[in-house]
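Written below as structure tokens is the structure these notes are about.
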Amino acid sequence: YNRGKRTHFGEYTVKRFKLFLAMAALACAIGLTVKYGSTYRPVVEPVREIEEIWALEDAREESEKPLVTRLFCNGVPMAYDAENNVFYGSLGLENGAQWPEIKLTASEEAAKGLSLCFADDYGFDDCDAAIREGYSYQIFAYTDTAYSYAEVVFTGLPLVNVTADQTIEREDVPAQIEIALAAEGLQTNGRIHKRGGASILNDKVGYKLEFTRTTDGKKKIYRDIPGMGTDSQVILLPMNALDTTMMRDRLSWALYARLTRRDEPFSARKTQYCELFLNGEYRGVYLMLEPFSVRQEVAKAGEERLTTDSVYRTAVISLSHGRPCMEDPYSAATGFELYYPMDGEPDFSPLADYFALLGETDDAAFMRRAVQIIDLDSALRYDVVLQLFGLTDNVINNMYTWEQNSRGHTRYRFDFWDLDVSWGLKRDEIGEMHENWVFFPLVDRLLRADEEGGVRKRYGEIYREVREKAFDTETVEALVGQYAHELNDSGAMARNAERWETENYAADGYELVAFAAERIALLDEPVRAMSAGEEIDLRFLERTNYDDKGTPLSEE
């Protein structure tokens, strides 16, 4: 019968059953058993003696299909892995050895003639160990004539459970969305579509969820998303297609949050790990990410900006997102996607001054014009973060260029769109090396052509501010340790590795800490000397074409 098992990532060990009713009473006394009285029926009863379960089996036939496919944990929907007949419930990570009170109930539709009980006593284990090791506990379901078993696994991460009747592609399709974290739960109609550039070709792809009033409605509404706060949509990043640590995006946004305020346009995004279930299939660990609403970000600068400003995103044209796109006059492979058009009309004319500046051949004329039309603090801060985080994909791709127009005066501001290719992630096929100065032609030329030293001095001031607020090895190490705790002690990292047949059963993020130390060692002294007006070899700023990505800082 394979009863009484405890699952540890696919390896089964025989577990002792409790044969005395006193043990069930003890479990109840310490809050480990379920209670009656839920609005959902029936309730999963406490563990029964094995002889009683055998007697129930003997009087019934084993059902070919599970008798229950819908359970709730403390009133919050549980995710269901239909292929393996396993329910998942989120309990959070801070319970320690003591279990929280757990009340499992079936849906009202399953109530008629159905009874359930635990066949395993999870109180035999410490809560934190059961979550970390991914132990499963059997539930016995029976009617007057049939019985079946199911398993329950408890995780420490939020669970995202999505059901869609249509095939999920790039276009929105209606969906039922449930998100659960411990006692918090969200159930809503919504829409889902695949998202991503080249990553959309991977087996594990990303998604975007949007909440709507009805499954066929277009109007977004705001929901309280467990672990994230209030929003109308959420992005689910698959991460491990590029990032085996599964930490780069989250670490980058966490550090960037130390540099931006929530009321500032294009401030840092909120993030949270989760486990995704899609149409009854376990899809592994994802990063929930708060997406940008460009209109809302522009409005933070003032409502008048909504009719005067335009926002573009640099993009590799072959990977653009279907918006109007203009080829970069200085690079045939890349271009600018129109994310927010002035007055709602597709228009690329606001970029004319920016293109003219980039094409200026005289350095003195370039500097005079640049200080007039470039938001220097924005550009310099962008570059400092670019260098320290090693963001090798955030200039020809994934950079917002915001044309701000106030009383006929144009200024260009720069903000981040995505932070995944970072922290030493190497893509050898296009020659990106993490020990390089990361190229941003505009700022590189500002620093190189700055004969009076004002731009270099300001660069140094912003660099020191970023280092003091956000970038030191102790902070990076602490955040990486927190992420490793979430991924490992939730049991999720190992489940993800088993699901996708990777070797990354445990997260540590050591390479990110090592990268931070390396970047500090490479950048601190050159930036200090440059900003102080000292003689310094600026050859590392001269090679800024895409193929070379700049000269290594360590080059003689």
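Note on naming: chains are A, B, ... as they come in the structure tokens, residues start from 1 per chain, ligands start from 1 in the order shown.
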
**Request:** Please identify which residues in region 164-360 of chain A DSSP calls strand (DSSP E or B) from the backbone, and express them as a ChimeraX atom specification.
**Result:** /A:173-181,184-195,206-212,220,223-225,229-231,233-237,271-278,281-289,310-316,325-328,331-340

**Request:** Identify, on the basis of only C-alpha atoms, every residue whose closest approach to region 218-234 of chain A does not exceed 7 Å; exclude the query and any residue fewer than 5 positions from it along the same chain; express the result as a ChimeraX atom specification.
**Result:** /A:179-181,184-186,208-213,270-272,288-291

Residues from last step as file, N, CA and C atoms, as a short mmCIF file (atom, residue, chain, number, x, y, z; two decimals), in the first residue's frame:
data_model
loop_
_atom_site.label_atom_id
_atom_site.label_comp_id
_atom_site.auth_asym_id
_atom_site.auth_seq_id
_atom_site.Cartn_x
_atom_site.Cartn_y
_atom_site.Cartn_z
N ILE A 179 -3.05 32.94 -4.68
CA ILE A 179 -1.73 33.14 -4.08
C ILE A 179 -1.88 32.98 -2.58
N ALA A 180 -1.04 32.14 -1.98
CA ALA A 180 -1.17 31.84 -0.56
C ALA A 180 0.18 31.96 0.14
N LEU A 181 0.18 32.53 1.33
CA LEU A 181 1.37 32.59 2.18
C LEU A 181 0.89 32.51 3.62
N GLU A 184 -2.34 34.15 4.85
CA GLU A 184 -2.80 35.10 3.84
C GLU A 184 -3.19 34.37 2.57
N GLY A 185 -4.28 34.80 1.95
CA GLY A 185 -4.69 34.17 0.71
C GLY A 185 -5.35 35.15 -0.24
N LEU A 186 -5.15 34.93 -1.53
CA LEU A 186 -5.79 35.74 -2.57
C LEU A 186 -6.41 34.79 -3.58
N LYS A 208 3.31 36.78 -16.86
CA LYS A 208 2.77 37.98 -16.23
C LYS A 208 1.32 37.71 -15.86
N LEU A 209 0.96 38.04 -14.62
CA LEU A 209 -0.41 37.90 -14.14
C LEU A 209 -1.02 39.27 -13.96
N GLU A 210 -2.25 39.44 -14.45
CA GLU A 210 -2.98 40.68 -14.25
C GLU A 210 -4.33 40.36 -13.64
N PHE A 211 -4.75 41.17 -12.70
CA PHE A 211 -6.01 40.94 -12.01
C PHE A 211 -7.13 41.75 -12.66
N THR A 212 -8.28 41.12 -12.84
CA THR A 212 -9.41 41.77 -13.51
C THR A 212 -10.68 41.52 -12.72
N ARG A 213 -11.71 42.32 -13.02
CA ARG A 213 -13.00 42.13 -12.34
C ARG A 213 -13.67 40.82 -12.78
N LYS A 270 9.58 45.73 -5.85
CA LYS A 270 9.46 44.74 -4.78
C LYS A 270 9.58 43.33 -5.37
N THR A 271 10.17 42.43 -4.59
CA THR A 271 10.36 41.05 -5.07
C THR A 271 10.06 40.07 -3.94
N GLN A 272 9.75 38.83 -4.32
CA GLN A 272 9.49 37.77 -3.35
C GLN A 272 9.56 36.43 -4.08
N MET A 288 8.57 36.50 -7.81
CA MET A 288 7.49 37.46 -8.03
C MET A 288 8.13 38.85 -8.05
N LEU A 289 7.81 39.62 -9.08
CA LEU A 289 8.39 40.95 -9.26
C LEU A 289 7.29 41.95 -9.56
N GLU A 290 7.33 43.06 -8.87
CA GLU A 290 6.40 44.16 -9.14
C GLU A 290 6.79 44.82 -10.46
N PRO A 291 5.92 44.79 -11.47
CA PRO A 291 6.30 45.39 -12.76
C PRO A 291 6.16 46.89 -12.73
#

**Prompt:** Leaving out Gly460 (chain A) and any residue of its chain fewer than 3 positions from it, which residues lie within 8 Å of it when counting only C-alpha atoms, given as a PyMOL selection string?
**Reply:** chain A and resi 456-457+463-464+527-528+530-532

**Complete:** Using only C-alpha atoms, the best pick from A:Glu503, A:Asp508, A:Asp363, A:Glu178 as closest to Asp450 (chain A) would be A:Asp363

**Message:** Given only C-alpha atoms as the basis, pick out the residue of A:Arg467, A:Arg258, A:Arg445, A:Lys65 nearest to Asp362 (chain A).
**Reply:** A:Arg445

**Complete:** re CA of Gln296 (chain A) and CA of Asp418 (chain A): distance 17.4 Å

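Across the structure, CA of Ser422 (chain A) and CA of Asp393 (chain A) are spaced 7.8 Å apart.
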
**Prompt:** Contacts of Tyr505 (chain A) at 8 Å or less, counting only C-alpha atoms, minus same-chain residues fewer than 2 places along, as a ChimeraX atom specification?
**Reply:** /A:493-498,502-503,507

Taking all heavy atoms for each residue, export the selection above as an mmCIF file, in the first residue's frame.
data_model
loop_
_atom_site.group_PDB
_atom_site.id
_atom_site.type_symbol
_atom_site.label_atom_id
_atom_site.label_comp_id
_atom_site.auth_asym_id
_atom_site.auth_seq_id
_atom_site.Cartn_x
_atom_site.Cartn_y
_atom_site.Cartn_z
ATOM 1 N N MET A 493 14.262 25.065 -3.213
ATOM 2 C CA MET A 493 15.401 24.968 -4.127
ATOM 3 C C MET A 493 15.596 23.516 -4.580
ATOM 4 O O MET A 493 15.824 23.249 -5.763
ATOM 5 C CB MET A 493 16.666 25.492 -3.456
ATOM 6 C CG MET A 493 17.841 25.671 -4.398
ATOM 7 S SD MET A 493 17.631 27.114 -5.474
ATOM 8 C CE MET A 493 19.230 27.154 -6.307
ATOM 9 N N ALA A 494 15.468 22.590 -3.647
ATOM 10 C CA ALA A 494 15.631 21.178 -4.004
ATOM 11 C C ALA A 494 14.483 20.693 -4.886
ATOM 12 O O ALA A 494 14.696 19.917 -5.822
ATOM 13 C CB ALA A 494 15.727 20.329 -2.745
ATOM 14 N N ARG A 495 13.261 21.133 -4.588
ATOM 15 C CA ARG A 495 12.124 20.744 -5.446
ATOM 16 C C ARG A 495 12.312 21.276 -6.853
ATOM 17 O O ARG A 495 12.002 20.606 -7.839
ATOM 18 C CB ARG A 495 10.810 21.254 -4.857
ATOM 19 C CG ARG A 495 10.242 20.384 -3.768
ATOM 20 C CD ARG A 495 8.831 20.800 -3.402
ATOM 21 N NE ARG A 495 8.773 22.085 -2.731
ATOM 22 C CZ ARG A 495 8.918 22.261 -1.420
ATOM 23 N NH1 ARG A 495 9.156 21.235 -0.632
ATOM 24 N NH2 ARG A 495 8.833 23.468 -0.888
ATOM 25 N N ASN A 496 12.792 22.513 -6.973
ATOM 26 C CA ASN A 496 13.023 23.099 -8.290
ATOM 27 C C ASN A 496 14.085 22.316 -9.056
ATOM 28 O O ASN A 496 13.949 22.063 -10.256
ATOM 29 C CB ASN A 496 13.456 24.559 -8.141
ATOM 30 C CG ASN A 496 13.606 25.270 -9.471
ATOM 31 O OD1 ASN A 496 12.650 25.741 -10.059
ATOM 32 N ND2 ASN A 496 14.836 25.337 -9.963
ATOM 33 N N ALA A 497 15.152 21.915 -8.355
ATOM 34 C CA ALA A 497 16.220 21.144 -9.004
ATOM 35 C C ALA A 497 15.699 19.803 -9.492
ATOM 36 O O ALA A 497 16.041 19.348 -10.589
ATOM 37 C CB ALA A 497 17.378 20.946 -8.029
ATOM 38 N N GLU A 498 14.861 19.162 -8.676
ATOM 39 C CA GLU A 498 14.305 17.878 -9.080
ATOM 40 C C GLU A 498 13.338 18.045 -10.254
ATOM 41 O O GLU A 498 13.337 17.243 -11.190
ATOM 42 C CB GLU A 498 13.585 17.235 -7.897
ATOM 43 C CG GLU A 498 13.156 15.803 -8.157
ATOM 44 C CD GLU A 498 12.704 15.121 -6.883
ATOM 45 O OE1 GLU A 498 11.518 15.284 -6.534
ATOM 46 O OE2 GLU A 498 13.529 14.461 -6.244
ATOM 47 N N THR A 502 18.188 19.888 -12.609
ATOM 48 C CA THR A 502 19.430 20.638 -12.508
ATOM 49 C C THR A 502 20.258 20.083 -11.358
ATOM 50 O O THR A 502 19.806 19.223 -10.602
ATOM 51 C CB THR A 502 19.161 22.129 -12.244
ATOM 52 O OG1 THR A 502 18.744 22.309 -10.876
ATOM 53 C CG2 THR A 502 18.071 22.663 -13.164
ATOM 54 N N GLU A 503 21.480 20.581 -11.216
ATOM 55 C CA GLU A 503 22.350 20.150 -10.129
ATOM 56 C C GLU A 503 22.283 21.098 -8.937
ATOM 57 O O GLU A 503 22.986 20.898 -7.942
ATOM 58 C CB GLU A 503 23.794 20.060 -10.630
ATOM 59 C CG GLU A 503 23.986 19.031 -11.746
ATOM 60 C CD GLU A 503 25.419 18.989 -12.257
ATOM 61 O OE1 GLU A 503 26.231 19.819 -11.784
ATOM 62 O OE2 GLU A 503 25.724 18.130 -13.101
ATOM 63 N N ALA A 507 21.161 26.525 -2.519
ATOM 64 C CA ALA A 507 21.605 27.866 -2.904
ATOM 65 C C ALA A 507 22.615 28.378 -1.890
ATOM 66 O O ALA A 507 22.453 28.169 -0.686
ATOM 67 C CB ALA A 507 20.404 28.811 -2.959
#

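Atom to atom, CA of Tyr256 (chain A) and CA of Pro350 (chain A) stand 28.2 Å apart.
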
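Compared by their closest atoms to Ala150 (chain A), and using only C-alpha atoms, the residues A:Gly123, A:Trp500, A:Val44, A:Trp54 rank with A:Val44 nearest.
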
**Message:** Could you go through region 312-523 of chain A and tell me which residues DSSP, when run on the backbone, assigns to alpha helix (DSSP H), listing them as a PyMOL selection string?
**Reply:** chain A and resi 352-358+363-373+376-389+441-448+454-469+473-489+492-500+510-523

Take the residues from that selection and put them in a file with C-alpha atoms, as an mmCIF file, in the first residue's frame.
data_model
loop_
_atom_site.group_PDB
_atom_site.id
_atom_site.type_symbol
_atom_site.label_atom_id
_atom_site.label_comp_id
_atom_site.auth_asym_id
_atom_site.auth_seq_id
_atom_site.Cartn_x
_atom_site.Cartn_y
_atom_site.Cartn_z
ATOM 1 C CA ALA A 352 16.193 63.716 -32.053
ATOM 2 C CA ASP A 353 18.224 65.878 -29.665
ATOM 3 C CA TYR A 354 19.632 62.791 -27.951
ATOM 4 C CA PHE A 355 20.706 61.234 -31.241
ATOM 5 C CA ALA A 356 22.238 64.520 -32.352
ATOM 6 C CA LEU A 357 24.239 64.689 -29.122
ATOM 7 C CA LEU A 358 25.561 61.156 -29.564
ATOM 8 C CA ASP A 363 34.182 67.081 -27.670
ATOM 9 C CA ALA A 364 33.792 70.678 -26.522
ATOM 10 C CA ALA A 365 30.492 71.058 -28.352
ATOM 11 C CA PHE A 366 29.403 67.697 -27.012
ATOM 12 C CA MET A 367 30.068 68.746 -23.410
ATOM 13 C CA ARG A 368 28.290 72.103 -23.793
ATOM 14 C CA ARG A 369 25.198 70.479 -25.227
ATOM 15 C CA ALA A 370 25.236 67.508 -22.834
ATOM 16 C CA VAL A 371 25.042 69.641 -19.685
ATOM 17 C CA GLN A 372 22.005 71.384 -21.194
ATOM 18 C CA ILE A 373 19.921 68.343 -22.185
ATOM 19 C CA LEU A 376 23.549 64.418 -15.313
ATOM 20 C CA ASP A 377 22.790 62.983 -11.880
ATOM 21 C CA SER A 378 20.455 60.470 -13.473
ATOM 22 C CA ALA A 379 23.016 59.432 -16.082
ATOM 23 C CA LEU A 380 25.906 59.274 -13.624
ATOM 24 C CA ARG A 381 23.976 57.317 -10.999
ATOM 25 C CA TYR A 382 22.833 54.942 -13.708
ATOM 26 C CA ASP A 383 26.445 54.357 -14.730
ATOM 27 C CA VAL A 384 27.708 53.917 -11.163
ATOM 28 C CA VAL A 385 25.110 51.210 -10.503
ATOM 29 C CA LEU A 386 25.877 49.738 -13.922
ATOM 30 C CA GLN A 387 29.559 49.389 -12.977
ATOM 31 C CA LEU A 388 29.150 48.119 -9.415
ATOM 32 C CA PHE A 389 26.409 45.577 -10.179
ATOM 33 C CA PRO A 441 28.900 55.463 -24.471
ATOM 34 C CA LEU A 442 27.166 58.624 -23.241
ATOM 35 C CA VAL A 443 28.734 58.591 -19.775
ATOM 36 C CA ASP A 444 32.037 57.187 -21.012
ATOM 37 C CA ARG A 445 32.403 60.191 -23.286
ATOM 38 C CA LEU A 446 31.267 62.623 -20.586
ATOM 39 C CA LEU A 447 34.066 61.365 -18.342
ATOM 40 C CA ARG A 448 36.663 61.206 -21.086
ATOM 41 C CA GLY A 454 33.159 68.868 -12.896
ATOM 42 C CA VAL A 455 31.489 65.769 -14.287
ATOM 43 C CA ARG A 456 34.224 63.483 -12.970
ATOM 44 C CA LYS A 457 33.986 65.081 -9.528
ATOM 45 C CA ARG A 458 30.220 64.588 -9.453
ATOM 46 C CA TYR A 459 30.678 60.993 -10.614
ATOM 47 C CA GLY A 460 32.959 60.382 -7.650
ATOM 48 C CA GLU A 461 30.441 61.912 -5.227
ATOM 49 C CA ILE A 462 27.630 59.699 -6.530
ATOM 50 C CA TYR A 463 29.920 56.670 -6.479
ATOM 51 C CA ARG A 464 30.764 57.248 -2.816
ATOM 52 C CA GLU A 465 27.084 57.725 -1.990
ATOM 53 C CA VAL A 466 26.148 54.433 -3.670
ATOM 54 C CA ARG A 467 28.996 52.636 -1.916
ATOM 55 C CA GLU A 468 27.965 54.020 1.485
ATOM 56 C CA LYS A 469 24.244 53.355 1.103
ATOM 57 C CA THR A 473 30.454 43.090 0.995
ATOM 58 C CA GLU A 474 28.792 42.861 4.424
ATOM 59 C CA THR A 475 25.424 44.015 3.045
ATOM 60 C CA VAL A 476 25.684 41.730 0.032
ATOM 61 C CA GLU A 477 26.650 38.786 2.229
ATOM 62 C CA ALA A 478 23.716 39.393 4.589
ATOM 63 C CA LEU A 479 21.179 39.576 1.749
ATOM 64 C CA VAL A 480 22.614 36.516 0.028
ATOM 65 C CA GLY A 481 22.395 34.641 3.330
ATOM 66 C CA GLN A 482 18.731 35.615 3.682
ATOM 67 C CA TYR A 483 17.945 34.435 0.157
ATOM 68 C CA ALA A 484 19.755 31.139 0.751
ATOM 69 C CA HIS A 485 17.662 30.670 3.890
ATOM 70 C CA GLU A 486 14.437 31.276 1.973
ATOM 71 C CA LEU A 487 15.346 28.997 -0.920
ATOM 72 C CA ASN A 488 16.880 26.164 1.085
ATOM 73 C CA ASP A 489 14.899 26.104 4.322
ATOM 74 C CA ALA A 492 11.877 24.927 -2.668
ATOM 75 C CA MET A 493 15.401 24.968 -4.127
ATOM 76 C CA ALA A 494 15.631 21.178 -4.004
ATOM 77 C CA ARG A 495 12.124 20.744 -5.446
ATOM 78 C CA ASN A 496 13.023 23.099 -8.290
ATOM 79 C CA ALA A 497 16.220 21.144 -9.004
ATOM 80 C CA GLU A 498 14.305 17.878 -9.080
ATOM 81 C CA ARG A 499 11.568 19.339 -11.297
ATOM 82 C CA TRP A 500 13.977 20.761 -13.857
ATOM 83 C CA TYR A 510 28.963 32.793 -2.722
ATOM 84 C CA GLU A 511 29.922 33.899 -6.218
ATOM 85 C CA LEU A 512 27.870 37.093 -5.774
ATOM 86 C CA VAL A 513 29.710 38.008 -2.579
ATOM 87 C CA ALA A 514 33.016 37.317 -4.327
ATOM 88 C CA PHE A 515 31.948 39.484 -7.261
ATOM 89 C CA ALA A 516 31.093 42.398 -4.940
ATOM 90 C CA ALA A 517 34.541 42.232 -3.349
ATOM 91 C CA GLU A 518 36.165 42.085 -6.771
ATOM 92 C CA ARG A 519 34.259 45.068 -8.156
ATOM 93 C CA ILE A 520 35.079 47.166 -5.109
ATOM 94 C CA ALA A 521 38.763 46.330 -5.503
ATOM 95 C CA LEU A 522 38.682 47.164 -9.216
ATOM 96 C CA LEU A 523 36.658 50.382 -9.082
#

**Asked** Do you know which residues are at most 12 Å from Phe266 (chain A) counting only C-alpha atoms, after dropping those on the same chain fewer than 6 positions away, and could you put them as a PyMOL selection string?
**Response** chain A and resi 253+256-257+259-260+290-301+311+378+382+399-402+413-418

**Item:** Tyr207 (chain A) surroundings by only C-alpha atoms, 6 Å radius, close-in-sequence under 3 positions cut, as a list in words
**Value:** His193, Lys194, Arg195, Ile235 and Leu236 of chain A

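Proximity to Ala182 (chain A) was assessed for A:Ala315, A:Met78, A:Leu67, A:Cys325 counting only C-alpha atoms; the smallest distance is recorded for A:Met78.
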
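Using only C-alpha atoms for every distance, the candidate list A:Ile131, A:Val421, A:Val47, A:Val76 yields A:Val421 as the residue closest to Asp243 (chain A).
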
Tell me, counting only C-alpha atoms, for each residue of region 153-209 of chain A within 10 Å of region 273-278 of chain A, which pair of atoms is nearest and how far apart they are in Å to one decimal, in rows ordered by chain and increasing number, as CSV.
residue,atom,partner,partner_atom,distance
A:Thr155,CA,A:Glu275,CA,8.9
A:Gly156,CA,A:Cys274,CA,9.1
A:Leu157,CA,A:Cys274,CA,5.4
A:Pro158,CA,A:Cys274,CA,4.8
A:Leu159,CA,A:Glu275,CA,5.0
A:Val160,CA,A:Leu276,CA,4.8
A:Asn161,CA,A:Phe277,CA,4.7
A:Val162,CA,A:Leu278,CA,5.0
A:Thr163,CA,A:Leu278,CA,6.0
A:Ala164,CA,A:Leu278,CA,8.0
A:Ile177,CA,A:Leu278,CA,9.6
A:Glu178,CA,A:Phe277,CA,9.7
A:Ile179,CA,A:Cys274,CA,9.2
A:Ala180,CA,A:Cys274,CA,9.5
A:Leu181,CA,A:Cys274,CA,9.2

Grab the residues selected above and save them as a PDB file, in the first residue's frame with N, CA, C and O atoms.
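This is the output file part32.pdb:
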ATOM      1  N   THR A 155       5.441  24.027   2.666  1.00  0.00           N
ATOM      2  CA  THR A 155       6.557  24.845   2.190  1.00  0.00           C
ATOM      3  C   THR A 155       6.610  26.150   2.972  1.00  0.00           C
ATOM      4  O   THR A 155       5.637  26.541   3.622  1.00  0.00           O
ATOM      5  N   GLY A 156       7.753  26.819   2.890  1.00  0.00           N
ATOM      6  CA  GLY A 156       7.897  28.104   3.567  1.00  0.00           C
ATOM      7  C   GLY A 156       7.683  29.293   2.668  1.00  0.00           C
ATOM      8  O   GLY A 156       7.696  30.434   3.128  1.00  0.00           O
ATOM      9  N   LEU A 157       7.504  29.074   1.357  1.00  0.00           N
ATOM     10  CA  LEU A 157       7.353  30.171   0.398  1.00  0.00           C
ATOM     11  C   LEU A 157       5.890  30.396   0.036  1.00  0.00           C
ATOM     12  O   LEU A 157       5.057  29.508   0.205  1.00  0.00           O
ATOM     13  N   PRO A 158       5.573  31.565  -0.516  1.00  0.00           N
ATOM     14  CA  PRO A 158       4.244  31.760  -1.084  1.00  0.00           C
ATOM     15  C   PRO A 158       4.000  30.773  -2.221  1.00  0.00           C
ATOM     16  O   PRO A 158       4.930  30.383  -2.934  1.00  0.00           O
ATOM     17  N   LEU A 159       2.746  30.388  -2.388  1.00  0.00           N
ATOM     18  CA  LEU A 159       2.349  29.495  -3.467  1.00  0.00           C
ATOM     19  C   LEU A 159       1.476  30.261  -4.446  1.00  0.00           C
ATOM     20  O   LEU A 159       0.532  30.942  -4.050  1.00  0.00           O
ATOM     21  N   VAL A 160       1.794  30.156  -5.724  1.00  0.00           N
ATOM     22  CA  VAL A 160       0.987  30.762  -6.785  1.00  0.00           C
ATOM     23  C   VAL A 160       0.380  29.629  -7.597  1.00  0.00           C
ATOM     24  O   VAL A 160       1.105  28.813  -8.167  1.00  0.00           O
ATOM     25  N   ASN A 161      -0.940  29.593  -7.622  1.00  0.00           N
ATOM     26  CA  ASN A 161      -1.661  28.521  -8.302  1.00  0.00           C
ATOM     27  C   ASN A 161      -2.547  29.141  -9.384  1.00  0.00           C
ATOM     28  O   ASN A 161      -3.441  29.923  -9.075  1.00  0.00           O
ATOM     29  N   VAL A 162      -2.279  28.814 -10.653  1.00  0.00           N
ATOM     30  CA  VAL A 162      -2.985  29.433 -11.775  1.00  0.00           C
ATOM     31  C   VAL A 162      -3.668  28.347 -12.601  1.00  0.00           C
ATOM     32  O   VAL A 162      -3.057  27.334 -12.942  1.00  0.00           O
ATOM     33  N   THR A 163      -4.926  28.597 -12.932  1.00  0.00           N
ATOM     34  CA  THR A 163      -5.680  27.684 -13.782  1.00  0.00           C
ATOM     35  C   THR A 163      -6.217  28.450 -14.980  1.00  0.00           C
ATOM     36  O   THR A 163      -6.893  29.466 -14.818  1.00  0.00           O
ATOM     37  N   ALA A 164      -5.900  27.972 -16.186  1.00  0.00           N
ATOM     38  CA  ALA A 164      -6.360  28.617 -17.417  1.00  0.00           C
ATOM     39  C   ALA A 164      -6.899  27.554 -18.362  1.00  0.00           C
ATOM     40  O   ALA A 164      -6.271  26.510 -18.549  1.00  0.00           O
ATOM     41  N   ILE A 177      -6.623  32.800 -10.422  1.00  0.00           N
ATOM     42  CA  ILE A 177      -5.338  32.985  -9.754  1.00  0.00           C
ATOM     43  C   ILE A 177      -5.533  32.882  -8.246  1.00  0.00           C
ATOM     44  O   ILE A 177      -6.409  33.522  -7.676  1.00  0.00           O
ATOM     45  N   GLU A 178      -4.702  32.058  -7.620  1.00  0.00           N
ATOM     46  CA  GLU A 178      -4.681  31.938  -6.163  1.00  0.00           C
ATOM     47  C   GLU A 178      -3.247  32.112  -5.685  1.00  0.00           C
ATOM     48  O   GLU A 178      -2.327  31.502  -6.244  1.00  0.00           O
ATOM     49  N   ILE A 179      -3.049  32.939  -4.677  1.00  0.00           N
ATOM     50  CA  ILE A 179      -1.731  33.144  -4.083  1.00  0.00           C
ATOM     51  C   ILE A 179      -1.880  32.984  -2.579  1.00  0.00           C
ATOM     52  O   ILE A 179      -2.760  33.595  -1.968  1.00  0.00           O
ATOM     53  N   ALA A 180      -1.041  32.145  -1.976  1.00  0.00           N
ATOM     54  CA  ALA A 180      -1.169  31.837  -0.557  1.00  0.00           C
ATOM     55  C   ALA A 180       0.181  31.961   0.136  1.00  0.00           C
ATOM     56  O   ALA A 180       1.216  31.549  -0.406  1.00  0.00           O
ATOM     57  N   LEU A 181       0.179  32.534   1.327  1.00  0.00           N
ATOM     58  CA  LEU A 181       1.366  32.593   2.183  1.00  0.00           C
ATOM     59  C   LEU A 181       0.890  32.512   3.621  1.00  0.00           C
ATOM     60  O   LEU A 181       0.291  33.450   4.149  1.00  0.00           O
TER      61      LEU A 181
END
